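To start, the structure under review is shown below, and the notes come after it.
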Amino acid sequence: MSAHFGKICPFCKTEFRAGDDIVVCSDCEMPHHKDCWVENQGCTTFACIGTISAANQGPKSADFIICKNCDTKNDSSLLFCQVCGHSLIPEKEAPPPPPVSSAAEPPKPHRETYETEMQRLIGANVVKYIYKFKEMELRNKKTSWNFNAFWAAPFWFLYRKMYPYGIGLLAIDILLALIDVALFPVAILFGHIAAGLWANGIYMRSLESKVQRASGMSEPYKAHFISKNGGVSKLAVILGVIAFTLVIALIG
């Protein structure tokens with residue numbers, strides 16, 4: 001049985017199952033469905049340029065495949081030329097195009113476009129969050145500790161322009177204060193621990209959703225969308241602190 005069964009493909013977000021054609025990046029060792037790798041034109045890991053090899057097949061063959069683009073000899077286990085990146089897959093093995101459906105989600109943008117727009121949306125501390133997201137993908141984890149979210153939740157969510165989460169957490173804090181003032185600090189502590197654990201995953205999915213929406217836009221509408229929905233908002237934090245302080249003062 002493949003060691004990758006039960007893990008998640010980073011491109012299609014579905015589990016690897018028995019019978020799936022699984023390939024592994026030679027650089028970061030991230031497993032993918034073979035069709036997902038081909039559709040994405042490479043590894044989905046941020047800034048990774050590795051080639052691939054089969055993960056659920058036997059030892060590599062000693063045969064070679066000649067690249068039709070640059071005439072380079074490549075190991076038969078590779079799907080792309082290690083010199084020019086040209087596809088080594090015979091046309092008859094190329095995956096069929098995805099079915100067209102009016103209810104289908106918009107296609108994922110090209111990897112380079114995806115990475116660029118993700119960075120533009122993050123804004124402040126982009127290197128830190130890109131590293132966190134890559135680490136979560138490599139380890140196939142949904143949690144990753146975020147000290148700022150632990151310390152400043154729900155204001156961290158407002159700062160990162162995830163307003164529904166920030167406003168929702170503020171409302172929960174206020175409701176807990178109304179129900180039982182004595183248990184309020186304990187409830188807040190547990191809420192902040194949960195925020196610290198899950199904030200990075202929530203933030204990554206929020207950014208991916210925004211990148212998906214921006215991918216269908218043309219300039220200057222895309223730039224306006226990214227400016228409005230990306231980066232950080234100090235004003236939202238200030239307004240949140242004022243509103244929370246006033247409500248707690250009235251309750252007290």
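Residue numbers start at 1 in each chain; chains themselves are named A, B, ... in the order of the structure tokens; ligands are numbered from 1 in the order shown.
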
Q.
List as a PyMOL selection string the protein and nucleic acid residues near stretch 28-35 of chain A, meaning an atom at most 10 Å away when only C-alpha atoms are counted, but skip any in the same chain fewer than 2 places from it.
A. chain A and resi 4+7-16+20-26+37-45+48-55+79+94-96+137-140

For the selection you just gave me, I'd like the residues written to a file as a compact mmCIF listing (two decimals), in the first residue's frame, keeping N, CA and C atoms.
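Contents of again19.txt, freshly written:
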# COMPACT_ATOMS: atom_id res chain seq x y z
N HIS A 4 1.16 7.24 0.76
CA HIS A 4 0.44 8.50 0.54
C HIS A 4 -1.07 8.35 0.60
N LYS A 7 -3.71 10.82 2.43
CA LYS A 7 -3.25 12.21 2.45
C LYS A 7 -3.99 13.02 1.39
N ILE A 8 -3.80 14.33 1.39
CA ILE A 8 -4.57 15.21 0.52
C ILE A 8 -3.71 15.72 -0.63
N CYS A 9 -4.22 15.64 -1.84
CA CYS A 9 -3.54 16.24 -2.99
C CYS A 9 -3.65 17.76 -2.88
N PRO A 10 -2.56 18.52 -2.92
CA PRO A 10 -2.62 19.97 -2.72
C PRO A 10 -3.30 20.72 -3.87
N PHE A 11 -3.51 20.07 -5.02
CA PHE A 11 -4.13 20.75 -6.15
C PHE A 11 -5.64 20.61 -6.14
N CYS A 12 -6.13 19.35 -6.05
CA CYS A 12 -7.58 19.13 -6.12
C CYS A 12 -8.23 18.99 -4.75
N LYS A 13 -7.39 18.98 -3.68
CA LYS A 13 -7.88 18.92 -2.30
C LYS A 13 -8.67 17.65 -1.99
N THR A 14 -8.39 16.54 -2.68
CA THR A 14 -9.05 15.27 -2.39
C THR A 14 -8.02 14.25 -1.91
N GLU A 15 -8.50 13.22 -1.20
CA GLU A 15 -7.60 12.21 -0.65
C GLU A 15 -7.07 11.28 -1.74
N PHE A 16 -5.82 10.81 -1.53
CA PHE A 16 -5.27 9.78 -2.41
C PHE A 16 -5.91 8.44 -2.02
N ASP A 20 -5.12 5.32 -7.50
CA ASP A 20 -4.76 6.64 -8.00
C ASP A 20 -3.34 6.62 -8.54
N ASP A 21 -3.11 7.36 -9.63
CA ASP A 21 -1.77 7.51 -10.18
C ASP A 21 -1.09 8.67 -9.46
N ILE A 22 -0.20 8.36 -8.52
CA ILE A 22 0.40 9.36 -7.63
C ILE A 22 1.84 9.62 -8.05
N VAL A 23 2.22 10.90 -8.09
CA VAL A 23 3.61 11.27 -8.37
C VAL A 23 4.10 12.16 -7.24
N VAL A 24 5.43 12.20 -7.07
CA VAL A 24 6.04 12.94 -5.96
C VAL A 24 7.07 13.92 -6.51
N CYS A 25 7.07 15.14 -5.98
CA CYS A 25 8.04 16.15 -6.41
C CYS A 25 9.44 15.74 -5.96
N SER A 26 10.40 15.82 -6.87
CA SER A 26 11.77 15.43 -6.55
C SER A 26 12.46 16.40 -5.61
N TRP A 37 -0.74 17.22 -11.41
CA TRP A 37 0.59 17.78 -11.72
C TRP A 37 0.61 18.31 -13.16
N VAL A 38 0.09 17.51 -14.10
CA VAL A 38 0.09 17.90 -15.50
C VAL A 38 -0.76 19.14 -15.71
N GLU A 39 -1.96 19.18 -15.10
CA GLU A 39 -2.84 20.33 -15.28
C GLU A 39 -2.22 21.61 -14.71
N ASN A 40 -1.50 21.49 -13.57
CA ASN A 40 -0.88 22.66 -12.95
C ASN A 40 0.46 23.03 -13.59
N GLN A 41 0.94 22.16 -14.48
CA GLN A 41 2.22 22.35 -15.17
C GLN A 41 3.39 22.37 -14.20
N GLY A 42 3.31 21.58 -13.14
CA GLY A 42 4.41 21.48 -12.18
C GLY A 42 3.90 21.32 -10.77
N CYS A 43 4.83 21.39 -9.82
CA CYS A 43 4.51 21.24 -8.40
C CYS A 43 3.70 22.43 -7.90
N THR A 44 2.74 22.17 -7.01
CA THR A 44 1.90 23.25 -6.46
C THR A 44 2.55 23.97 -5.30
N THR A 45 3.64 23.43 -4.76
CA THR A 45 4.31 24.09 -3.64
C THR A 45 4.90 25.42 -4.08
N CYS A 48 8.51 26.08 -5.82
CA CYS A 48 9.21 24.82 -6.04
C CYS A 48 9.33 24.54 -7.54
N ILE A 49 10.49 24.09 -7.99
CA ILE A 49 10.72 23.82 -9.42
C ILE A 49 11.17 22.38 -9.62
N GLY A 50 10.81 21.51 -8.70
CA GLY A 50 11.24 20.12 -8.79
C GLY A 50 10.57 19.38 -9.93
N THR A 51 11.18 18.28 -10.37
CA THR A 51 10.57 17.38 -11.33
C THR A 51 9.86 16.29 -10.55
N ILE A 52 9.32 15.30 -11.24
CA ILE A 52 8.52 14.31 -10.53
C ILE A 52 8.95 12.90 -10.86
N SER A 53 8.59 11.99 -9.96
CA SER A 53 8.81 10.56 -10.17
C SER A 53 7.60 9.82 -9.63
N ALA A 54 7.41 8.58 -10.09
CA ALA A 54 6.24 7.83 -9.66
C ALA A 54 6.36 7.44 -8.20
N ALA A 55 5.26 7.54 -7.46
CA ALA A 55 5.27 7.20 -6.03
C ALA A 55 4.70 5.83 -5.78
N LEU A 79 8.01 12.87 -16.11
CA LEU A 79 6.92 13.30 -16.98
C LEU A 79 7.25 14.59 -17.72
N ALA A 94 -2.23 11.87 -22.50
CA ALA A 94 -2.58 13.17 -21.94
C ALA A 94 -3.97 13.12 -21.33
N PRO A 95 -4.18 13.72 -20.17
CA PRO A 95 -5.49 13.66 -19.51
C PRO A 95 -6.54 14.42 -20.30
N PRO A 96 -7.77 13.93 -20.31
CA PRO A 96 -8.83 14.62 -21.04
C PRO A 96 -9.17 15.94 -20.36
N GLU A 137 1.39 22.84 3.96
CA GLU A 137 1.17 21.97 2.80
C GLU A 137 2.10 20.77 2.82
N LEU A 138 3.38 21.02 3.14
CA LEU A 138 4.35 19.93 3.14
C LEU A 138 4.01 18.88 4.19
N ARG A 139 3.52 19.33 5.33
CA ARG A 139 3.20 18.41 6.42
C ARG A 139 1.74 17.97 6.42
N ASN A 140 0.97 18.48 5.44
CA ASN A 140 -0.44 18.13 5.33
C ASN A 140 -1.19 18.39 6.63

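Of all the residues in stretch 1-244 of chain A, the ones DSSP labels as strand (DSSP E) from the backbone are A:Ile22, A:Val23, A:Val24, A:Cys25, A:Pro31, A:His32, A:His33, A:Ile52, A:Ser53, A:Ala54, A:Phe64, A:Ile65, A:Ile66, A:Lys73, A:Asn74, A:Asp75.
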
Restricting the output to N, CA and C atoms, write the selected residues as a compact mmCIF listing (two decimals), in the first residue's frame.
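Final output, saved to again29.txt:
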# COMPACT_ATOMS: atom_id res chain seq x y z
N ILE A 22 -0.20 8.36 -8.52
CA ILE A 22 0.40 9.36 -7.63
C ILE A 22 1.84 9.62 -8.05
N VAL A 23 2.22 10.90 -8.09
CA VAL A 23 3.61 11.27 -8.37
C VAL A 23 4.10 12.16 -7.24
N VAL A 24 5.43 12.20 -7.07
CA VAL A 24 6.04 12.94 -5.96
C VAL A 24 7.07 13.92 -6.51
N CYS A 25 7.07 15.14 -5.98
CA CYS A 25 8.04 16.15 -6.41
C CYS A 25 9.44 15.74 -5.96
N PRO A 31 3.38 14.95 -2.61
CA PRO A 31 2.67 14.04 -3.52
C PRO A 31 1.52 14.75 -4.25
N HIS A 32 1.26 14.37 -5.49
CA HIS A 32 0.16 14.90 -6.29
C HIS A 32 -0.47 13.76 -7.07
N HIS A 33 -1.72 13.97 -7.50
CA HIS A 33 -2.25 13.12 -8.55
C HIS A 33 -1.47 13.45 -9.83
N ILE A 52 9.32 15.30 -11.24
CA ILE A 52 8.52 14.31 -10.53
C ILE A 52 8.95 12.90 -10.86
N SER A 53 8.59 11.99 -9.96
CA SER A 53 8.81 10.56 -10.17
C SER A 53 7.60 9.82 -9.63
N ALA A 54 7.41 8.58 -10.09
CA ALA A 54 6.24 7.83 -9.66
C ALA A 54 6.36 7.44 -8.20
N PHE A 64 15.38 5.31 -21.27
CA PHE A 64 15.35 6.76 -21.34
C PHE A 64 14.25 7.21 -22.29
N ILE A 65 13.80 8.44 -22.07
CA ILE A 65 12.86 9.08 -22.98
C ILE A 65 13.56 10.28 -23.58
N ILE A 66 13.53 10.40 -24.90
CA ILE A 66 14.16 11.53 -25.57
C ILE A 66 13.16 12.67 -25.67
N LYS A 73 18.20 13.26 -23.10
CA LYS A 73 17.80 11.97 -22.55
C LYS A 73 17.27 12.18 -21.13
N ASN A 74 16.10 11.67 -20.84
CA ASN A 74 15.50 11.76 -19.52
C ASN A 74 15.15 10.38 -19.02
N ASP A 75 15.21 10.20 -17.70
CA ASP A 75 14.81 8.94 -17.11
C ASP A 75 13.35 8.67 -17.45

Q: Write out as a PyMOL selection string the residues lying within 12 Å of A:Leu250, counting only C-alpha atoms and excluding same-chain residues fewer than 3 positions away.
A: chain A and resi 174+177-178+243-247

Q: Go through A:Phe5, A:Phe155, A:Tyr114, A:Phe80 one by one, measure the shortest atom-to-atom distance of each to A:Arg213 using only C-alpha atoms, and give the residue with the smallest value.
A: A:Tyr114

**Q.** Residues near A:Phe225, cut-off 9 Å, only C-alpha atoms, skip fewer than 5 positions along chain, as a ChimeraX atom specification
**A.** /A:210,214,217,220,230

Q: List every residue of stretch 1-250 of chain A that DSSP, applied to the backbone of this structure, assigns to alpha helix (DSSP H), and report them as a PyMOL selection string.
A: chain A and resi 34-40+111-122+126-139+147-152+155-159+163-179+184-214+221-229+234-250

Q. Which neighbours of stretch 115-124 of chain A fall inside 8 Å, counting only C-alpha atoms, when residues of the same chain fewer than 5 positions from it are skipped, and could you give them as a PyMOL selection string?
A. chain A and resi 46-47+129-130+207-208+211+226-227+229-232

Q. What does the distance between atom CA of A:Gly196 and atom CA of A:Lys128 come to in Å, to one decimal place?
A. 15.2 Å

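Of the listed residues A:Val241, A:Met136, A:Ala195, A:Val127, the one whose atoms come nearest to A:Asn148 is A:Ala195, with distances taken using only C-alpha atoms.
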
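Residue neighbourhood of A:Met162, excluding near-sequence residues (fewer than 4 positions): Ile122, Ala153, Pro154, Phe155, Trp156, Phe157, Leu158, Gly166, Ile167, Gly168, Leu169, Ala199, Asn200, Ile202, Tyr203, Met204, Arg205, Ser206, Leu207, Ser209, Lys210, Lys228, Asn229, Gly230, Gly231, Val232, Ser233, Ala236 and Val237 of chain A, at 12 Å, using only C-alpha atoms.
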